[in-house]
file final.cif (mmCIF, C-alpha atoms)
data_upload
loop_
_atom_site.label_atom_id
_atom_site.label_comp_id
_atom_site.auth_asym_id
_atom_site.auth_seq_id
_atom_site.Cartn_x
_atom_site.Cartn_y
_atom_site.Cartn_z
CA MET A 1 82.14 108.62 96.43
CA ARG A 2 84.27 111.59 95.41
CA ASP A 3 87.37 111.03 93.30
CA ILE A 4 90.83 110.00 94.44
CA ASN A 5 92.17 113.55 94.17
CA PHE A 6 89.59 114.76 96.71
CA LEU A 7 90.35 111.89 99.09
CA THR A 8 94.10 112.49 98.84
CA GLU A 9 93.74 116.23 99.38
CA ASN A 10 91.56 115.78 102.47
CA ASN A 11 93.32 112.74 103.92
CA ALA A 12 93.82 113.16 107.71
CA LYS A 13 92.46 116.71 107.67
CA PRO A 14 88.77 116.73 108.64
CA ILE A 15 89.21 113.35 110.35
CA TRP A 16 91.10 112.43 113.52
CA HIS A 17 92.33 108.84 113.53
CA PRO A 18 92.17 106.50 116.52
CA MET A 19 95.45 105.66 118.26
CA ALA A 20 97.42 108.34 116.41
CA HIS A 21 98.67 111.90 116.94
CA PRO A 22 96.63 114.25 114.72
CA ALA A 23 99.73 116.26 113.81
CA GLU A 24 101.63 113.13 112.77
CA MET A 25 98.77 112.00 110.59
CA ARG A 26 98.61 115.37 108.85
CA ALA A 27 102.37 115.37 108.31
CA SER A 28 102.44 111.78 107.04
CA PRO A 29 98.92 110.93 105.81
CA PRO A 30 97.82 107.30 106.28
CA LYS A 31 97.27 104.87 103.45
CA ILE A 32 93.79 105.07 101.92
CA ILE A 33 92.34 101.59 101.57
CA MET A 34 89.74 101.38 98.80
CA LYS A 35 89.02 97.71 98.16
CA GLY A 36 89.26 94.31 99.77
CA GLU A 37 89.14 90.86 98.22
CA GLY A 38 90.00 87.53 99.78
CA VAL A 39 92.85 88.22 102.22
CA SER A 40 94.16 91.28 100.40
CA VAL A 41 93.36 95.00 100.30
CA THR A 42 94.01 97.62 97.63
CA ASP A 43 94.96 101.23 98.31
CA ALA A 44 94.07 104.44 96.46
CA GLU A 45 97.20 104.15 94.33
CA GLY A 46 96.15 100.71 93.12
CA ARG A 47 98.68 98.70 95.15
CA THR A 48 97.29 95.37 96.41
CA VAL A 49 98.85 93.87 99.55
CA LEU A 50 98.21 90.85 101.73
CA ASP A 51 96.50 92.05 104.90
CA ALA A 52 98.52 90.52 107.73
CA VAL A 53 96.56 92.72 110.17
CA GLY A 54 93.16 91.22 109.35
CA GLY A 55 91.56 94.68 109.48
CA LEU A 56 92.15 94.93 113.24
CA TRP A 57 92.21 91.32 114.46
CA ASN A 58 88.65 90.95 113.18
CA VAL A 59 88.34 90.09 109.47
CA ASN A 60 88.68 86.36 110.15
CA LEU A 61 86.76 85.34 107.03
CA GLY A 62 88.44 87.75 104.65
CA TYR A 63 86.84 90.41 102.50
CA SER A 64 84.78 88.27 100.13
CA CYS A 65 82.36 86.41 102.39
CA ASP A 66 79.18 86.56 100.33
CA PRO A 67 76.93 84.79 102.88
CA ILE A 68 77.46 87.66 105.33
CA LYS A 69 76.83 90.30 102.69
CA GLN A 70 73.67 88.53 101.53
CA ALA A 71 72.37 88.12 105.08
CA MET A 72 72.87 91.82 105.76
CA THR A 73 71.12 92.81 102.53
CA ALA A 74 68.14 90.57 103.26
CA GLN A 75 67.83 91.93 106.79
CA LEU A 76 68.04 95.53 105.56
CA ASP A 77 65.09 94.78 103.29
CA ALA A 78 63.09 93.13 106.09
CA LEU A 79 63.91 95.34 109.10
CA PRO A 80 66.92 97.69 109.10
CA TYR A 81 66.63 98.54 112.81
CA TYR A 82 64.56 98.20 115.93
CA SER A 83 65.39 98.74 119.58
CA GLY A 84 66.18 95.88 121.91
CA PHE A 85 65.26 97.83 125.04
CA ARG A 86 62.61 96.34 127.31
CA GLY A 87 59.35 95.63 125.58
CA THR A 88 60.71 94.84 122.11
CA SER A 89 63.09 92.39 120.48
CA THR A 90 64.02 91.23 116.98
CA GLY A 91 64.25 87.81 115.42
CA PRO A 92 67.98 87.91 114.55
CA SER A 93 68.96 88.96 118.08
CA ILE A 94 67.02 86.10 119.64
CA GLU A 95 68.52 83.60 117.24
CA LEU A 96 72.09 84.89 117.60
CA ALA A 97 71.89 84.86 121.41
CA TYR A 98 70.85 81.21 121.22
CA GLU A 99 73.70 80.37 118.84
CA LEU A 100 76.26 82.13 121.02
CA THR A 101 75.20 80.31 124.17
CA GLU A 102 75.47 77.04 122.25
CA TRP A 103 78.89 78.05 120.87
CA PHE A 104 80.30 78.92 124.29
CA ALA A 105 78.50 76.24 126.32
CA PRO A 106 81.86 74.53 127.04
CA GLU A 107 82.92 77.75 128.80
CA GLY A 108 79.71 77.71 130.84
CA MET A 109 78.06 80.69 129.15
CA VAL A 110 74.25 80.78 129.28
CA ARG A 111 73.21 84.37 128.41
CA ALA A 112 74.23 87.09 125.94
CA PHE A 113 74.02 90.87 126.34
CA PHE A 114 74.57 92.57 122.99
CA THR A 115 76.84 95.59 122.51
CA SER A 116 78.29 97.60 119.64
CA GLY A 117 81.86 96.33 120.01
CA GLY A 118 84.64 95.15 122.26
CA SER A 119 85.00 98.25 124.44
CA ASP A 120 81.25 98.16 125.07
CA SER A 121 81.47 94.48 125.97
CA VAL A 122 84.20 95.09 128.55
CA GLU A 123 82.33 98.04 130.02
CA THR A 124 79.23 95.87 130.32
CA ALA A 125 81.12 93.06 132.09
CA LEU A 126 82.65 95.48 134.60
CA ARG A 127 79.29 97.07 135.37
CA LEU A 128 77.47 93.75 135.69
CA ALA A 129 80.24 92.44 137.96
CA ARG A 130 79.72 95.30 140.39
CA GLN A 131 75.97 94.90 140.16
CA TYR A 132 76.25 91.19 140.90
CA TRP A 133 77.80 91.94 144.28
CA LYS A 134 75.17 94.55 145.12
CA ILE A 135 72.48 91.93 144.50
CA ARG A 136 74.34 89.59 146.82
CA GLY A 137 74.53 92.25 149.52
CA GLN A 138 78.31 92.73 149.25
CA GLY A 139 78.44 96.30 147.99
CA ASP A 140 82.04 96.76 149.17
CA ARG A 141 83.21 94.55 146.29
CA THR A 142 83.95 97.34 143.81
CA LYS A 143 87.63 96.84 142.93
CA PHE A 144 89.09 95.21 139.85
CA LEU A 145 92.34 93.34 139.31
CA ALA A 146 94.00 93.08 135.90
CA LEU A 147 97.32 92.22 134.28
CA LYS A 148 99.97 94.71 133.28
CA LYS A 149 100.25 94.85 129.49
CA GLY A 150 96.62 93.77 129.18
CA TYR A 151 94.33 95.64 126.79
CA HIS A 152 90.61 95.99 127.41
CA GLY A 153 89.34 98.76 125.16
CA THR A 154 89.01 102.50 125.43
CA HIS A 155 85.96 103.31 127.58
CA PHE A 156 86.74 104.70 131.01
CA GLY A 157 86.25 101.31 132.65
CA GLY A 158 88.25 99.49 129.98
CA ALA A 159 91.02 102.08 129.97
CA SER A 160 91.17 101.81 133.75
CA VAL A 161 91.78 98.06 133.69
CA ASN A 162 94.20 98.41 130.76
CA GLY A 163 97.73 97.59 131.83
CA ASN A 164 99.54 99.85 129.37
CA SER A 165 100.20 103.49 130.19
CA ASN A 166 99.86 104.47 126.51
CA PHE A 167 96.11 104.07 126.87
CA ARG A 168 95.89 105.62 130.32
CA ARG A 169 98.28 108.51 130.92
CA ASN A 170 96.54 111.21 128.87
CA TYR A 171 93.13 110.44 130.41
CA GLU A 172 93.94 110.07 134.09
CA PRO A 173 92.56 110.06 136.69
CA LEU A 174 90.64 106.99 135.67
CA LEU A 175 88.37 104.63 137.58
CA PRO A 176 89.57 104.28 141.19
CA GLY A 177 90.02 100.85 142.73
CA VAL A 178 91.86 99.16 139.85
CA PHE A 179 95.12 97.31 140.54
CA HIS A 180 97.54 95.54 138.22
CA THR A 181 99.82 92.54 138.64
CA PRO A 182 102.68 91.30 136.40
CA ALA A 183 101.89 89.58 133.13
CA PRO A 184 103.42 86.14 132.50
CA MET A 185 105.74 87.40 129.75
CA THR A 186 108.99 85.44 129.64
CA TYR A 187 110.87 88.13 127.65
CA ARG A 188 110.19 90.95 130.11
CA ASN A 189 109.08 90.38 133.71
CA PRO A 190 110.09 91.67 137.15
CA PHE A 191 111.19 88.21 138.29
CA ASP A 192 113.86 87.71 135.58
CA GLU A 193 112.28 84.32 135.00
CA THR A 194 112.39 82.73 131.55
CA ASP A 195 110.76 79.39 132.35
CA PRO A 196 107.06 79.77 131.40
CA ALA A 197 105.71 77.37 134.03
CA LYS A 198 107.76 78.91 136.84
CA LEU A 199 106.80 82.39 135.71
CA ALA A 200 103.12 81.45 135.72
CA LYS A 201 103.42 80.45 139.37
CA LEU A 202 105.23 83.65 140.28
CA CYS A 203 102.56 85.76 138.57
CA ALA A 204 99.82 83.77 140.29
CA ARG A 205 101.54 84.36 143.63
CA ALA A 206 101.60 88.11 142.90
CA ILE A 207 97.84 87.99 142.35
CA GLU A 208 97.36 86.23 145.67
CA GLU A 209 99.50 88.84 147.41
CA GLU A 210 97.54 91.71 145.87
CA ILE A 211 94.27 90.13 146.93
CA ALA A 212 95.56 89.76 150.48
CA PHE A 213 96.69 93.38 150.50
CA GLN A 214 93.45 94.78 149.07
CA GLY A 215 91.14 92.44 150.95
CA ALA A 216 89.25 89.81 148.99
CA ASP A 217 85.94 91.18 150.24
CA THR A 218 86.60 94.44 148.36
CA ILE A 219 87.30 92.89 144.94
CA ALA A 220 84.56 92.42 142.36
CA ALA A 221 86.45 90.73 139.53
CA PHE A 222 89.72 89.83 137.88
CA ILE A 223 89.87 90.54 134.12
CA MET A 224 92.37 89.01 131.72
CA GLU A 225 92.93 88.12 128.08
CA PRO A 226 93.68 84.39 127.74
CA VAL A 227 96.38 85.48 125.28
CA LEU A 228 97.33 89.15 125.63
CA GLY A 229 96.93 90.82 122.24
CA ALA A 230 97.73 94.52 121.89
CA GLY A 231 100.28 94.26 124.71
CA GLY A 232 102.50 92.30 122.35
CA VAL A 233 100.92 88.83 121.94
CA ILE A 234 101.90 87.48 125.34
CA VAL A 235 101.10 83.76 125.54
CA PRO A 236 100.82 82.55 129.15
CA HIS A 237 101.80 79.03 130.11
CA GLU A 238 98.84 76.67 129.88
CA SER A 239 98.75 76.44 133.68
CA PHE A 240 98.27 80.16 134.24
CA MET A 241 94.59 80.75 133.50
CA PRO A 242 93.47 77.67 135.50
CA MET A 243 95.54 78.97 138.41
CA VAL A 244 93.81 82.35 138.13
CA ARG A 245 90.43 80.59 138.07
CA ALA A 246 91.36 78.66 141.21
CA ILE A 247 92.51 81.83 142.97
CA CYS A 248 89.26 83.58 142.09
CA ASP A 249 87.27 80.61 143.37
CA ARG A 250 89.15 80.54 146.68
CA HIS A 251 88.43 84.22 147.27
CA ASP A 252 84.95 84.33 145.70
CA ILE A 253 86.07 86.76 142.98
CA LEU A 254 84.49 86.81 139.52
CA LEU A 255 86.67 86.04 136.50
CA ILE A 256 86.16 88.01 133.28
CA ALA A 257 87.81 86.53 130.19
CA ASP A 258 88.35 89.22 127.57
CA GLU A 259 87.90 87.20 124.37
CA VAL A 260 87.39 90.14 122.02
CA VAL A 261 90.49 89.08 120.07
CA THR A 262 90.79 85.41 121.04
CA GLY A 263 87.19 84.38 120.41
CA PHE A 264 86.07 82.42 117.33
CA GLY A 265 89.23 80.54 116.41
CA ARG A 266 92.18 82.93 116.28
CA THR A 267 94.17 81.01 118.88
CA GLY A 268 93.53 77.67 117.21
CA ALA A 269 90.64 76.98 119.61
CA TRP A 270 87.13 78.43 119.56
CA SER A 271 88.09 80.59 122.55
CA GLY A 272 91.25 81.44 124.43
CA SER A 273 89.68 80.07 127.60
CA ARG A 274 89.13 76.72 125.88
CA LEU A 275 92.89 76.34 125.36
CA SER A 276 93.12 75.52 129.07
CA SER A 277 89.52 74.32 129.64
CA THR A 278 88.84 77.32 131.88
CA LYS A 279 85.30 78.46 132.66
CA PRO A 280 85.11 82.19 133.38
CA ASP A 281 82.10 84.00 134.82
CA PHE A 282 81.92 86.48 131.94
CA MET A 283 83.33 86.51 128.43
CA THR A 284 83.61 89.64 126.33
CA ILE A 285 83.40 89.07 122.58
CA ALA A 286 83.29 91.23 119.43
CA LYS A 287 85.55 91.60 116.37
CA ALA A 288 85.18 88.23 114.58
CA ILE A 289 81.53 87.84 115.63
CA THR A 290 80.67 89.46 112.25
CA SER A 291 84.18 89.19 110.74
CA GLY A 292 84.25 92.98 110.80
CA TYR A 293 81.29 93.38 108.43
CA PHE A 294 79.16 95.15 111.07
CA PRO A 295 79.98 96.71 114.48
CA LEU A 296 78.70 94.17 117.00
CA GLY A 297 79.77 92.63 120.27
CA ALA A 298 78.39 90.78 123.26
CA THR A 299 79.05 90.12 126.90
CA MET A 300 78.50 86.45 127.62
CA ILE A 301 77.28 85.57 131.11
CA GLY A 302 77.94 82.39 133.07
CA ALA A 303 75.32 80.35 134.90
CA LYS A 304 76.32 81.45 138.41
CA VAL A 305 75.93 85.12 137.56
CA ALA A 306 72.75 84.62 135.53
CA GLU A 307 71.05 82.80 138.39
CA ILE A 308 71.74 85.62 140.87
CA PHE A 309 70.26 88.23 138.51
CA GLU A 310 67.27 86.18 137.44
CA THR A 311 66.22 85.16 140.94
CA ASP A 312 66.62 88.63 142.42
CA LYS A 313 63.48 90.06 144.04
CA THR A 314 64.83 93.58 144.64
CA SER A 315 65.55 96.54 142.39
CA PHE A 316 69.27 95.67 142.26
CA GLY A 317 68.70 93.07 139.55
CA ALA A 318 67.29 95.56 137.02
CA ILE A 319 69.88 96.28 134.33
CA GLY A 320 70.17 100.04 133.91
CA HIS A 321 72.65 99.69 131.09
CA GLY A 322 72.50 99.25 127.33
CA TYR A 323 73.21 100.73 123.92
CA THR A 324 70.98 102.08 121.16
CA TYR A 325 72.42 99.46 118.84
CA SER A 326 72.40 96.52 121.28
CA GLY A 327 71.14 93.54 119.29
CA HIS A 328 70.98 95.50 116.02
CA PRO A 329 69.06 93.20 113.65
CA VAL A 330 71.42 93.76 110.69
CA GLY A 331 74.43 93.12 112.90
CA CYS A 332 72.86 89.98 114.35
CA ALA A 333 72.01 88.73 110.86
CA ALA A 334 75.65 89.29 109.93
CA GLY A 335 76.69 87.45 113.08
CA LEU A 336 74.53 84.44 112.29
CA ALA A 337 76.01 84.17 108.80
CA ALA A 338 79.55 84.70 110.11
CA LEU A 339 79.18 81.98 112.75
CA ALA A 340 77.85 79.55 110.17
CA GLU A 341 80.80 80.21 107.84
CA THR A 342 83.27 80.16 110.72
CA LYS A 343 82.05 76.71 111.70
CA ARG A 344 81.75 75.41 108.13
CA LEU A 345 85.30 76.42 107.26
CA ALA A 346 86.70 75.16 110.60
CA VAL A 347 88.88 78.25 110.76
CA ASN A 348 90.13 77.22 114.20
CA GLU A 349 91.84 74.23 112.64
CA ASN A 350 93.32 76.34 109.85
CA ALA A 351 94.52 78.91 112.40
CA ALA A 352 96.26 76.16 114.35
CA ALA A 353 97.95 74.69 111.27
CA ARG A 354 98.94 77.99 109.68
CA GLY A 355 100.01 79.24 113.10
CA VAL A 356 102.62 76.47 113.37
CA GLU A 357 103.97 77.48 109.95
CA LEU A 358 104.00 81.15 110.88
CA GLY A 359 105.79 80.42 114.16
CA LYS A 360 108.56 78.53 112.36
CA ALA A 361 108.94 81.40 109.90
CA LEU A 362 109.20 83.94 112.71
CA GLU A 363 111.83 81.88 114.52
CA ALA A 364 113.85 81.79 111.29
CA LEU A 365 113.57 85.58 110.98
CA LYS A 366 114.79 85.96 114.56
CA ALA A 367 117.82 83.83 113.76
CA LYS A 368 118.55 85.93 110.68
CA HIS A 369 117.90 89.48 111.91
CA GLN A 370 119.55 91.03 114.99
CA LEU A 371 116.68 93.53 115.16
CA VAL A 372 114.33 90.77 116.33
CA GLY A 373 114.64 90.40 120.09
CA ASP A 374 111.71 88.05 120.65
CA VAL A 375 108.92 86.33 118.76
CA ARG A 376 105.65 85.22 120.35
CA TYR A 377 102.72 83.41 118.78
CA GLN A 378 99.62 81.32 119.37
CA GLY A 379 97.49 80.27 116.43
CA LEU A 380 97.22 83.23 114.07
CA MET A 381 98.14 85.93 116.55
CA ALA A 382 101.84 86.74 116.61
CA ALA A 383 104.33 89.47 117.41
CA LEU A 384 107.95 90.31 116.73
CA GLU A 385 109.52 92.55 119.37
CA LEU A 386 112.26 94.64 117.79
CA VAL A 387 115.31 95.81 119.72
CA SER A 388 118.42 97.81 118.87
CA ASP A 389 120.48 95.85 121.42
CA ARG A 390 119.60 92.23 122.13
CA ALA A 391 121.61 92.03 125.33
CA ALA A 392 120.02 95.15 126.81
CA LYS A 393 116.63 94.48 125.17
CA LYS A 394 116.53 98.14 124.19
CA PRO A 395 113.46 98.89 122.03
CA VAL A 396 114.09 100.27 118.55
CA ASP A 397 112.89 103.79 117.73
CA LYS A 398 109.78 104.81 115.78
CA LYS A 399 111.83 105.48 112.66
CA THR A 400 113.05 101.90 112.56
CA MET A 401 109.55 100.52 113.12
CA ALA A 402 108.24 102.66 110.26
CA ALA A 403 111.05 101.43 108.02
CA VAL A 404 110.10 97.81 108.69
CA ALA A 405 106.43 98.45 107.98
CA ASP A 406 107.17 100.46 104.83
CA GLY A 407 109.61 97.86 103.53
CA ALA A 408 107.08 95.10 104.05
CA TYR A 409 104.36 97.13 102.36
CA GLU A 410 106.60 97.64 99.33
CA ALA A 411 107.02 93.87 99.30
CA GLY A 412 103.24 93.38 99.30
CA VAL A 413 102.39 92.84 102.98
CA MET A 414 100.46 95.10 105.37
CA LEU A 415 101.81 95.03 108.94
CA ARG A 416 100.71 96.67 112.18
CA VAL A 417 103.14 98.60 114.37
CA SER A 418 102.44 98.81 118.11
CA GLY A 419 105.27 100.40 120.06
CA ASN A 420 108.33 98.29 119.25
CA ASN A 421 106.19 95.30 118.29
CA ILE A 422 105.10 94.14 114.86
CA ILE A 423 101.67 92.59 115.39
CA LEU A 424 100.34 89.91 113.02
CA SER A 425 96.68 88.89 112.97
CA PRO A 426 95.83 87.82 109.41
CA PRO A 427 92.46 86.44 108.31
CA LEU A 428 91.94 82.87 109.50
CA ILE A 429 91.41 81.67 105.94
CA ILE A 430 95.02 82.25 104.84
CA THR A 431 96.93 79.48 103.07
CA ALA A 432 100.45 78.15 103.50
CA ALA A 433 101.43 80.30 100.51
CA ASP A 434 100.05 83.36 102.30
CA VAL A 435 102.15 82.53 105.36
CA ALA A 436 105.22 82.35 103.15
CA LYS A 437 104.38 85.73 101.65
CA ILE A 438 103.99 87.29 105.11
CA ALA A 439 107.43 85.94 106.03
CA GLU A 440 108.90 87.34 102.81
CA GLY A 441 107.38 90.73 103.53
CA LEU A 442 108.77 90.75 107.07
CA ASP A 443 112.19 89.72 105.78
CA ALA A 444 112.14 92.59 103.27
CA GLY A 445 111.05 95.08 105.92
CA LEU A 446 113.68 93.99 108.44
CA THR A 447 116.36 94.06 105.76
CA ALA A 448 115.36 97.56 104.70
CA ALA A 449 115.35 98.83 108.29
CA ALA A 450 118.79 97.36 109.00
CA ALA A 451 120.19 99.07 105.92
CA ALA A 452 118.63 102.45 106.69
#

call {"tool": "encode", "arguments": {"input": "final.cif", "output": "structure tokens"}}
result
Amino acid sequence: MRDINFLTENNAKPIWHPMAHPAEMRASPPKIIMKGEGVSVTDAEGRTVLDAVGGLWNVNLGYSCDPIKQAMTAQLDALPYYSGFRGTSTGPSIELAYELTEWFAPEGMVRAFFTSGGSDSVETALRLARQYWKIRGQGDRTKFLALKKGYHGTHFGGASVNGNSNFRRNYEPLLPGVFHTPAPMTYRNPFDETDPAKLAKLCARAIEEEIAFQGADTIAAFIMEPVLGAGGVIVPHESFMPMVRAICDRHDILLIADEVVTGFGRTGAWSGSRLSSTKPDFMTIAKAITSGYFPLGATMIGAKVAEIFETDKTSFGAIGHGYTYSGHPVGCAAGLAALAETKRLAVNENAAARGVELGKALEALKAKHQLVGDVRYQGLMAALELVSDRAAKKPVDKKTMAAVADGAYEAGVMLRVSGNNIILSPPLIITAADVAKIAEGLDAGLTAAAAA
């Protein structure tokens, strides 16, 4: 690699960064991360900080998981790549598909379709949902329902079912036939309802009304995150997802659970769906499947859907969809090692325990700092929503958000800013001491922003 001077000089110049304005990046170049160890990362200036972002929700096992690195190295020596298109397969992909169906058997998953990441997994689920109805002779079922504030990736299908205009406006018109209903967010909702259970019922009723308006026989699937991530860590009442499942069953609509963030322990359970014992028809997974060590994802398929495809005698059951790197052997080897470590370390249990500690710390910060309008958390996914006026719930400006993040970074903690939310998604191997350090970093950032 070239020296630090070269990297600094060319930072944000030949590269455009995701989810950022190119001009802003050039004016204020991003931090250059050079090393990672344990739950911390080190930048080009030599500053080491605790990574409370977990890469991007995905480095569940931290940056020093040798079993994954060794598995990848061994697979590179044996077979660095081969296609998984019809006619050929690889050993790691077969083994990982088996392990995933075992892992998500409680959710009713029986098949895996490999992708290169979360957006691919969502796109695959949407396409297979439409195809399912063509096989069944109900080709009018092409529409999708989703929640406002939901996030489902950046492909055209995923962006279309996204419920946040930040990911839609500049790319419209998107996929037609997508409709959104209110998210069960107690802090901001159109019903002015703060009781989580009552709000869940109101949101479920809105779904029923939208189905009646659209016509159930035109809807292919409903897609939702069990806990909404990028939209600000919105934690529905435990009754909400089962109600959605029941609604889908009544109207013969498929349910897609987007578990790209919530899969593999982040919520304190092995999946977000498992928090409420819900069985979706599809699950989309990625991120923690390799702990971020290799780009890999999968769309998991339930028994009902699998049976329709596998018993089809027409051309409609042939899957005309896939990716060059579907089932990449190095990625699948990484996935096998990551799953083994994830299970061995019982990171779901640690996420649940550390999540309780983090929640208490966030509540204390809310009591101390007027900037904090709301805190939301489930396991080791959390958010602080910052406001300039608590009564009016007016979001703070970008300058204030930057001041919080910069202040925390100076105090040794990396945060993620998303709109007026501070998003926390640290590795699932953090300790109680790490939780305390995250709280200290947030306190320093909020204090600095208030004084600015």

call {"tool": "atom_distance", "arguments": {"input": "final.cif", "atom1": "CA of Lys198 (chain A)", "atom2": "CA of Met283 (chain A)"}}
result
26.9 Å

call {"tool": "closest_atom_pairs", "arguments": {"input": "final.cif", "of": "region 337-366 of chain A", "to": "region 54-64 of chain A", "cutoff": "9 Å", "atoms": "only C-alpha atoms", "output": "Markdown table"}}
result
| residue | atom | partner | partner_atom | distance |
| --- | --- | --- | --- | --- |
| A:Ala338 | CA | A:Leu61 | CA | 7.9 |
| A:Glu341 | CA | A:Leu61 | CA | 7.9 |
| A:Thr342 | CA | A:Leu61 | CA | 7.3 |
| A:Val347 | CA | A:Asn60 | CA | 8.1 |

call {"tool": "atom_distance", "arguments": {"input": "final.cif", "atom1": "CA of Asn350 (chain A)", "atom2": "CA of Thr267 (chain A)"}}
result
10.2 Å

call {"tool": "closest_residue", "arguments": {"input": "final.cif", "among": "A:Thr311, A:Asn166, A:Thr48, A:Asn10", "to": "Gly231 (chain A)", "atoms": "only C-alpha atoms"}}
result
A:Asn166

call {"tool": "resolve_selection", "arguments": {"input": "final.cif", "expression": "the PyMOL selection byres ((chain A and resi 222) around 6)", "output": "list in words"}}
result
Phe144, Leu145, Ala146, Ala221, Ile223 and Leu255 of chain A

call {"tool": "write_last_selection", "arguments": {"input": "final.cif", "atoms": "C-alpha atoms", "output": "tab-separated table (two decimals), in the coordinates of the input"}}
result
chain	number	residue	atom	x	y	z
A	144	PHE	CA	89.09	95.21	139.85
A	145	LEU	CA	92.34	93.34	139.31
A	146	ALA	CA	94.00	93.08	135.90
A	221	ALA	CA	86.45	90.73	139.53
A	223	ILE	CA	89.87	90.54	134.12
A	255	LEU	CA	86.67	86.04	136.50

call {"tool": "closest_residue", "arguments": {"input": "final.cif", "among": "A:Phe113, A:Gly215, A:Leu362, A:Val404", "to": "Phe85 (chain A)", "atoms": "all atoms listed in the file"}}
result
A:Phe113

call {"tool": "residues_around", "arguments": {"input": "final.cif", "residues": "Asn420 (chain A)", "least_positions_apart": "4", "cutoff": "9 Å", "atoms": "all atoms listed in the file", "output": "VMD selection string"}}
result
chain A and resid 232 384 to 387 395 to 398 400 to 401

call {"tool": "write_last_selection", "arguments": {"input": "final.cif", "atoms": "C-alpha atoms", "output": "compact mmCIF listing (two decimals), in the coordinates of the input"}}
result
# COMPACT_ATOMS: atom_id res chain seq x y z
CA GLY A 232 102.50 92.30 122.35
CA LEU A 384 107.95 90.31 116.73
CA GLU A 385 109.52 92.55 119.37
CA LEU A 386 112.26 94.64 117.79
CA VAL A 387 115.31 95.81 119.72
CA PRO A 395 113.46 98.89 122.03
CA VAL A 396 114.09 100.27 118.55
CA ASP A 397 112.89 103.79 117.73
CA LYS A 398 109.78 104.81 115.78
CA THR A 400 113.05 101.90 112.56
CA MET A 401 109.55 100.52 113.12

call {"tool": "atom_distance", "arguments": {"input": "final.cif", "atom1": "CA of Thr42 (chain A)", "atom2": "CA of Leu345 (chain A)"}}
result
24.9 Å

call {"tool": "closest_atom_pairs", "arguments": {"input": "final.cif", "of": "region 63-130 of chain A", "to": "region 285-288 of chain A", "cutoff": "12 Å", "atoms": "all atoms listed in the file", "output": "CSV"}}
result
residue,atom,partner,partner_atom,distance
A:Leu100,CA,A:Ile285,CA,10.1
A:Phe104,CA,A:Ile285,CA,10.7
A:Met109,CA,A:Ile285,CA,11.9
A:Ala112,CA,A:Ile285,CA,10.0
A:Phe113,CA,A:Ile285,CA,10.3
A:Phe114,CA,A:Ile285,CA,9.5
A:Thr115,CA,A:Ala286,CA,8.4
A:Ser116,CA,A:Ala286,CA,8.1
A:Gly117,CA,A:Ala286,CA,5.3
A:Gly118,CA,A:Ala286,CA,5.0
A:Ser119,CA,A:Ala286,CA,8.8
A:Asp120,CA,A:Ala286,CA,9.2
A:Ser121,CA,A:Ile285,CA,6.7
A:Val122,CA,A:Ile285,CA,8.5
A:Glu123,CA,A:Ile285,CA,11.7
A:Thr124,CA,A:Ile285,CA,11.1
A:Ala125,CA,A:Ile285,CA,10.6

call {"tool": "decode", "arguments": {"input": "final.cif", "residues": "region 261-288 of chain A", "atoms": "C-alpha atoms", "output": "PDB file, in the first residue's frame"}}
result
ATOM      1  CA  VAL A 261     -29.323  -6.430  10.448  1.00  0.00           C
ATOM      2  CA  THR A 262     -31.274  -8.456  13.005  1.00  0.00           C
ATOM      3  CA  GLY A 263     -30.009 -11.911  12.060  1.00  0.00           C
ATOM      4  CA  PHE A 264     -27.379 -13.813  14.073  1.00  0.00           C
ATOM      5  CA  GLY A 265     -27.866 -12.377  17.541  1.00  0.00           C
ATOM      6  CA  ARG A 266     -27.893  -8.579  17.403  1.00  0.00           C
ATOM      7  CA  THR A 267     -31.349  -8.298  18.963  1.00  0.00           C
ATOM      8  CA  GLY A 268     -30.515 -10.731  21.745  1.00  0.00           C
ATOM      9  CA  ALA A 269     -32.155 -13.572  19.800  1.00  0.00           C
ATOM     10  CA  TRP A 270     -30.791 -15.493  16.820  1.00  0.00           C
ATOM     11  CA  SER A 271     -33.237 -13.588  14.603  1.00  0.00           C
ATOM     12  CA  GLY A 272     -35.598 -10.671  14.984  1.00  0.00           C
ATOM     13  CA  SER A 273     -38.478 -12.925  13.981  1.00  0.00           C
ATOM     14  CA  ARG A 274     -37.633 -15.279  16.841  1.00  0.00           C
ATOM     15  CA  LEU A 275     -38.250 -12.491  19.362  1.00  0.00           C
ATOM     16  CA  SER A 276     -41.969 -13.010  18.728  1.00  0.00           C
ATOM     17  CA  SER A 277     -41.864 -16.628  17.462  1.00  0.00           C
ATOM     18  CA  THR A 278     -42.963 -15.481  14.002  1.00  0.00           C
ATOM     19  CA  LYS A 279     -42.438 -17.659  10.929  1.00  0.00           C
ATOM     20  CA  PRO A 280     -42.056 -15.597   7.751  1.00  0.00           C
ATOM     21  CA  ASP A 281     -42.116 -16.981   4.216  1.00  0.00           C
ATOM     22  CA  PHE A 282     -38.738 -15.474   3.321  1.00  0.00           C
ATOM     23  CA  MET A 283     -35.846 -14.143   5.377  1.00  0.00           C
ATOM     24  CA  THR A 284     -33.148 -11.909   3.948  1.00  0.00           C
ATOM     25  CA  ILE A 285     -29.768 -12.216   5.659  1.00  0.00           C
ATOM     26  CA  ALA A 286     -26.244 -10.830   5.146  1.00  0.00           C
ATOM     27  CA  LYS A 287     -23.910  -8.639   7.238  1.00  0.00           C
ATOM     28  CA  ALA A 288     -23.050 -10.863  10.236  1.00  0.00           C
TER      29      ALA A 288
END
